[in-house]
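K.L.:
Got a structure for you, my_file.tsv, holding TSV, C-alpha atoms.
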chain	number	residue	atom	x	y	z
X	22	MET	CA	0.00	0.00	0.00
X	23	ARG	CA	1.45	3.37	-0.94
X	24	LYS	CA	2.64	5.39	2.05
X	25	ILE	CA	0.63	8.51	1.13
X	26	PHE	CA	-2.56	6.47	0.83
X	27	MET	CA	-1.89	4.75	4.18
X	28	ASP	CA	-1.07	8.04	5.92
X	29	LYS	CA	-4.25	9.71	4.62
X	30	LEU	CA	-6.41	6.76	5.63
X	31	LEU	CA	-4.88	6.52	9.11
X	32	THR	CA	-5.20	10.28	9.65
X	33	GLU	CA	-8.91	10.12	8.85
X	34	TYR	CA	-9.26	7.04	11.03
X	35	LYS	CA	-7.53	8.80	13.95
X	36	ILE	CA	-9.95	11.74	13.66
X	37	PHE	CA	-12.86	9.25	13.67
X	38	LEU	CA	-11.49	7.65	16.86
X	39	GLN	CA	-10.99	11.02	18.56
X	40	GLU	CA	-14.53	12.09	17.67
X	41	SER	CA	-15.75	8.78	19.12
X	42	LYS	CA	-14.14	9.77	22.45
X	43	VAL	CA	-11.68	6.87	22.42
X	44	SER	CA	-8.81	7.15	24.94
X	45	ASP	CA	-5.34	8.14	23.70
X	46	LEU	CA	-3.93	4.70	24.56
X	47	SER	CA	-6.73	2.93	22.69
X	48	ILE	CA	-6.19	5.22	19.69
X	49	LYS	CA	-2.51	4.29	19.68
X	50	ASN	CA	-3.39	0.56	19.77
X	51	TYR	CA	-6.11	0.90	17.12
X	52	LEU	CA	-3.68	2.66	14.78
X	53	VAL	CA	-1.00	-0.01	15.29
X	54	ASP	CA	-3.58	-2.74	14.66
X	55	ALA	CA	-4.92	-0.88	11.60
X	56	ARG	CA	-1.41	-0.60	10.10
X	57	ASN	CA	-0.86	-4.31	10.71
X	58	PHE	CA	-4.15	-5.33	9.15
X	59	LEU	CA	-3.97	-2.89	6.22
X	60	GLY	CA	-0.48	-4.10	5.35
X	61	TRP	CA	-1.67	-7.72	5.36
X	62	PHE	CA	-4.90	-6.80	3.53
X	63	SER	CA	-3.03	-4.86	0.85
X	64	LEU	CA	-0.71	-7.81	0.23
X	65	TYR	CA	-3.71	-10.16	0.20
X	66	LEU	CA	-5.46	-8.02	-2.44
X	67	LYS	CA	-2.31	-7.86	-4.60
X	68	THR	CA	-1.75	-11.61	-4.34
X	69	ASN	CA	-5.32	-12.88	-4.62
X	70	LYS	CA	-7.18	-10.17	-6.54
X	71	ASN	CA	-4.36	-8.68	-8.64
X	72	LEU	CA	-5.33	-5.32	-7.17
X	73	TYR	CA	-2.25	-3.08	-7.03
X	74	SER	CA	-3.75	0.39	-6.85
X	75	THR	CA	-6.57	1.03	-4.44
X	76	SER	CA	-8.76	3.78	-3.16
X	77	ASP	CA	-10.38	3.63	0.27
X	78	SER	CA	-13.78	2.65	-1.08
X	79	LEU	CA	-12.39	0.10	-3.57
X	80	MET	CA	-10.17	-1.56	-1.00
X	81	PHE	CA	-12.90	-1.86	1.60
X	82	SER	CA	-15.40	-3.17	-0.95
X	83	TYR	CA	-13.42	-6.44	-0.84
X	84	LEU	CA	-13.58	-6.65	2.95
X	85	ASP	CA	-15.73	-9.53	4.17
X	86	SER	CA	-15.82	-11.96	7.09
X	87	GLU	CA	-13.98	-14.64	5.09
X	88	ILE	CA	-10.98	-12.35	4.56
X	89	ILE	CA	-10.98	-11.31	8.22
X	90	THR	CA	-11.07	-14.98	9.21
X	91	LYS	CA	-8.07	-15.57	6.92
X	92	TYR	CA	-6.27	-12.72	8.68
X	93	ARG	CA	-7.10	-14.20	12.10
X	94	ASN	CA	-5.86	-17.61	10.95
X	95	PHE	CA	-2.71	-16.06	9.46
X	96	LEU	CA	-1.91	-14.40	12.79
X	97	SER	CA	-2.61	-17.57	14.75
X	98	GLU	CA	-0.68	-19.86	12.40
X	99	ASN	CA	2.34	-17.56	12.60
X	100	GLY	CA	2.60	-17.77	16.37
X	101	THR	CA	0.84	-14.57	17.40
X	102	PRO	CA	-0.47	-15.08	20.95
X	103	ASP	CA	-4.25	-15.47	21.21
X	104	LYS	CA	-4.63	-12.28	23.26
X	105	THR	CA	-2.79	-10.28	20.60
X	106	VAL	CA	-4.86	-11.87	17.83
X	107	ASN	CA	-8.04	-10.96	19.71
X	108	ARG	CA	-6.86	-7.37	20.26
X	109	ARG	CA	-6.05	-7.05	16.56
X	110	LEU	CA	-9.49	-8.41	15.68
X	111	SER	CA	-10.97	-5.74	17.93
X	112	GLY	CA	-8.94	-3.21	15.96
X	113	VAL	CA	-10.26	-4.59	12.67
X	114	ARG	CA	-13.81	-4.32	14.02
X	115	LYS	CA	-13.22	-0.66	14.85
X	116	LEU	CA	-11.56	-0.04	11.46
X	117	ALA	CA	-14.56	-1.63	9.74
X	118	SER	CA	-16.85	0.64	11.81
X	119	PHE	CA	-14.89	3.56	10.40
X	120	ALA	CA	-15.28	2.21	6.84
X	121	LEU	CA	-19.01	1.80	7.49
X	122	SER	CA	-19.26	5.42	8.69
X	123	GLN	CA	-17.58	6.52	5.45
X	124	GLY	CA	-20.06	4.55	3.34
X	125	TRP	CA	-17.36	2.27	1.93
X	126	ILE	CA	-19.14	-0.84	3.21
X	127	LEU	CA	-22.78	-1.59	4.06
X	128	SER	CA	-22.23	-3.66	7.21
X	129	ASN	CA	-19.38	-4.54	9.54
X	130	PRO	CA	-18.12	-7.99	8.47
X	131	ALA	CA	-15.65	-8.10	11.36
X	132	LYS	CA	-18.50	-8.54	13.81
X	133	MET	CA	-19.09	-11.99	12.29
X	134	VAL	CA	-15.57	-13.20	13.15
X	135	GLN	CA	-15.13	-14.66	16.62
X	136	ASN	CA	-12.12	-14.16	18.82
X	137	LEU	CA	-9.74	-17.01	19.45
X	138	GLY	CA	-10.15	-18.93	22.65
X	139	SER	CA	-7.30	-21.08	23.83
X	140	GLN	CA	-9.75	-23.79	24.87
X	141	ASN	CA	-11.53	-23.70	21.49
X	142	LYS	CA	-8.19	-23.84	19.69
X	143	LYS	CA	-7.11	-26.88	21.72
X	144	ILE	CA	-10.41	-28.64	21.00
X	145	LEU	CA	-10.04	-27.98	17.26
X	146	ILE	CA	-6.45	-29.26	17.23
X	147	ASP	CA	-7.39	-32.37	19.24
X	148	ARG	CA	-10.34	-33.08	16.91
X	149	TRP	CA	-8.12	-32.62	13.85
X	150	LYS	CA	-5.48	-35.00	15.27
X	151	GLN	CA	-8.16	-37.56	16.12
X	152	GLU	CA	-9.64	-37.43	12.61
X	153	LEU	CA	-6.18	-37.66	11.03
X	154	ILE	CA	-5.23	-40.71	13.12
X	155	GLN	CA	-8.57	-42.36	12.34
X	156	SER	CA	-8.12	-41.73	8.61
X	157	TYR	CA	-4.58	-43.10	8.78
X	158	SER	CA	-5.83	-46.22	10.58
X	159	HIS	CA	-8.48	-46.82	7.88
X	160	HIS	CA	-5.83	-46.38	5.20
X	161	LEU	CA	-3.62	-49.00	6.87
X	162	GLN	CA	-6.57	-51.40	7.24
X	163	LYS	CA	-7.23	-51.17	3.49
X	164	GLN	CA	-3.68	-52.37	2.91
X	165	ASN	CA	-4.54	-55.60	4.76
X	166	LEU	CA	-1.85	-55.13	7.40
X	167	ASN	CA	-2.15	-57.14	10.59
X	168	LYS	CA	-3.70	-55.53	13.66
X	169	THR	CA	-0.43	-55.32	15.59
X	170	THR	CA	1.33	-53.49	12.74
X	171	ILE	CA	-1.58	-51.06	12.41
X	172	LYS	CA	-1.61	-50.47	16.17
X	173	ASN	CA	2.15	-49.75	16.16
X	174	TYR	CA	1.97	-47.41	13.14
X	175	VAL	CA	-0.99	-45.52	14.60
X	176	SER	CA	0.78	-45.23	17.96
X	177	ASP	CA	3.91	-43.87	16.25
X	178	ALA	CA	1.85	-41.34	14.26
X	179	ALA	CA	0.00	-40.20	17.40
X	180	GLY	CA	3.31	-39.80	19.23
X	181	PHE	CA	4.72	-37.77	16.36
X	182	LEU	CA	1.66	-35.47	16.30
X	183	SER	CA	1.98	-34.95	20.06
X	184	PHE	CA	5.65	-34.11	19.60
X	185	LEU	CA	4.78	-31.59	16.87
X	186	ASN	CA	2.17	-30.01	19.13
X	187	GLN	CA	4.81	-29.44	21.82
X	188	VAL	CA	7.45	-28.11	19.41
X	189	ILE	CA	5.14	-25.77	17.54
Show this structure as structure tokens.
P.N.:
Amino acid sequence: MRKIFMDKLLTEYKIFLQESKVSDLSIKNYLVDARNFLGWFSLYLKTNKNLYSTSDSLMFSYLDSEIITKYRNFLSENGTPDKTVNRRLSGVRKLASFALSQGWILSNPAKMVQNLGSQNKKILIDRWKQELIQSYSHHLQKQNLNKTTIKNYVSDAAGFLSFLNQVI
């Protein structure tokens, strides 16, 4: 995203936040989160939509809950702590409120994206591991391997997945 475009957008956003009576500390955090998201969003649009030159209204016309979910997943998959991901999502919600106030979007798609919860994340990972192990077991059974071999292979795979979970 061109620096002039980003500066203009963030200046207007800051005025919006000040007029909304947001505290100075929250404004600082919202601006940091907006820069982070807009940088990612700009790269996403270039990569996935071949959109290299944007205006405020054009850029935000692509904003939807699916893209915000991709952003949340990107942050999470790259090791951003859940609390930071959730704070950045809050920032995206506020940025989308600004875009809504400018008439660039018709509704706030960020409100449809849920925060991460460490418990929910663990449940999803455990379910994914369970389904993967089950699928692997069925694959081995189709190869007509004996039960002991299947049991050993499945145990090794489960141990490896547990190891990965600890390392990552």
K.L.:
Of the candidates X:Leu79, X:Leu161, X:Ala179, X:Val106, which one gets nearest to Trp125 (chain X) if we count only C-alpha atoms?
P.N.:
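Closest to Trp125 (chain X) of all the choices is X:Leu79.
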K.L.:
Taking all atoms listed in the file into account, name the residue in X:Lys91, X:His159, X:Arg109, X:Arg114 that is nearest to Val53 (chain X).
P.N.:
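Nearest candidate to Val53 (chain X) out of X:Lys91, X:His159, X:Arg109, X:Arg114: X:Arg109.
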K.L.:
Would you mind telling me which residue in X:Asp85, X:Glu33, X:Asp54, X:Asp147 lies nearest to Ser183 (chain X) when using only C-alpha atoms?
P.N.:
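Among X:Asp85, X:Glu33, X:Asp54, X:Asp147, it is X:Asp147 that comes nearest to Ser183 (chain X).
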K.L.:
In Å, rounded to a single decimal, give me how far CA of Ile88 (chain X) is from CA of Thr32 (chain X).
P.N.:
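Separation between CA of Thr32 (chain X) and CA of Ile88 (chain X): 23.9 Å.
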K.L.:
Give me the residues within 8 Å of Asp103 (chain X) as JSON, numbers by chain, counting all atoms listed in the file and dropping any in the same chain fewer than 3 places off.
P.N.:
{"X": [97, 106, 107, 137, 138, 139]}
K.L.:
Go ahead and save the picked residues with C-alpha atoms, as a PDB file, keeping the file's coordinate frame.
P.N.:
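result-v8.pdb written:
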ATOM      1  CA  SER X  97      -2.610 -17.570  14.750  1.00  0.00           C
ATOM      2  CA  VAL X 106      -4.860 -11.870  17.830  1.00  0.00           C
ATOM      3  CA  ASN X 107      -8.040 -10.960  19.710  1.00  0.00           C
ATOM      4  CA  LEU X 137      -9.740 -17.010  19.450  1.00  0.00           C
ATOM      5  CA  GLY X 138     -10.150 -18.930  22.650  1.00  0.00           C
ATOM      6  CA  SER X 139      -7.300 -21.080  23.830  1.00  0.00           C
TER       7      SER X 139
END
K.L.:
Rank X:Leu166, X:Phe184, X:Leu84, X:Asn136 by their smallest atom-to-atom distance to Ser118 (chain X), using all atoms listed in the file, and report the top residue only.
P.N.:
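That would be X:Leu84, the residue with the smallest distance to Ser118 (chain X).
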K.L.:
Can you tell me which residues surround Ile126 (chain X) at a distance of at most 7 Å, considering only C-alpha atoms, apart from same-chain residues fewer than 2 positions away, and format the answer as an MDAnalysis selection string?
P.N.:
chainID X and resid 81:82 120:121 124 128
K.L.:
Out of X:Leu127, X:Leu110, X:Ala178, X:Leu31, which residue has the shortest atom-to-atom distance to Tyr83 (chain X) when counting all atoms listed in the file?
P.N.:
X:Leu127
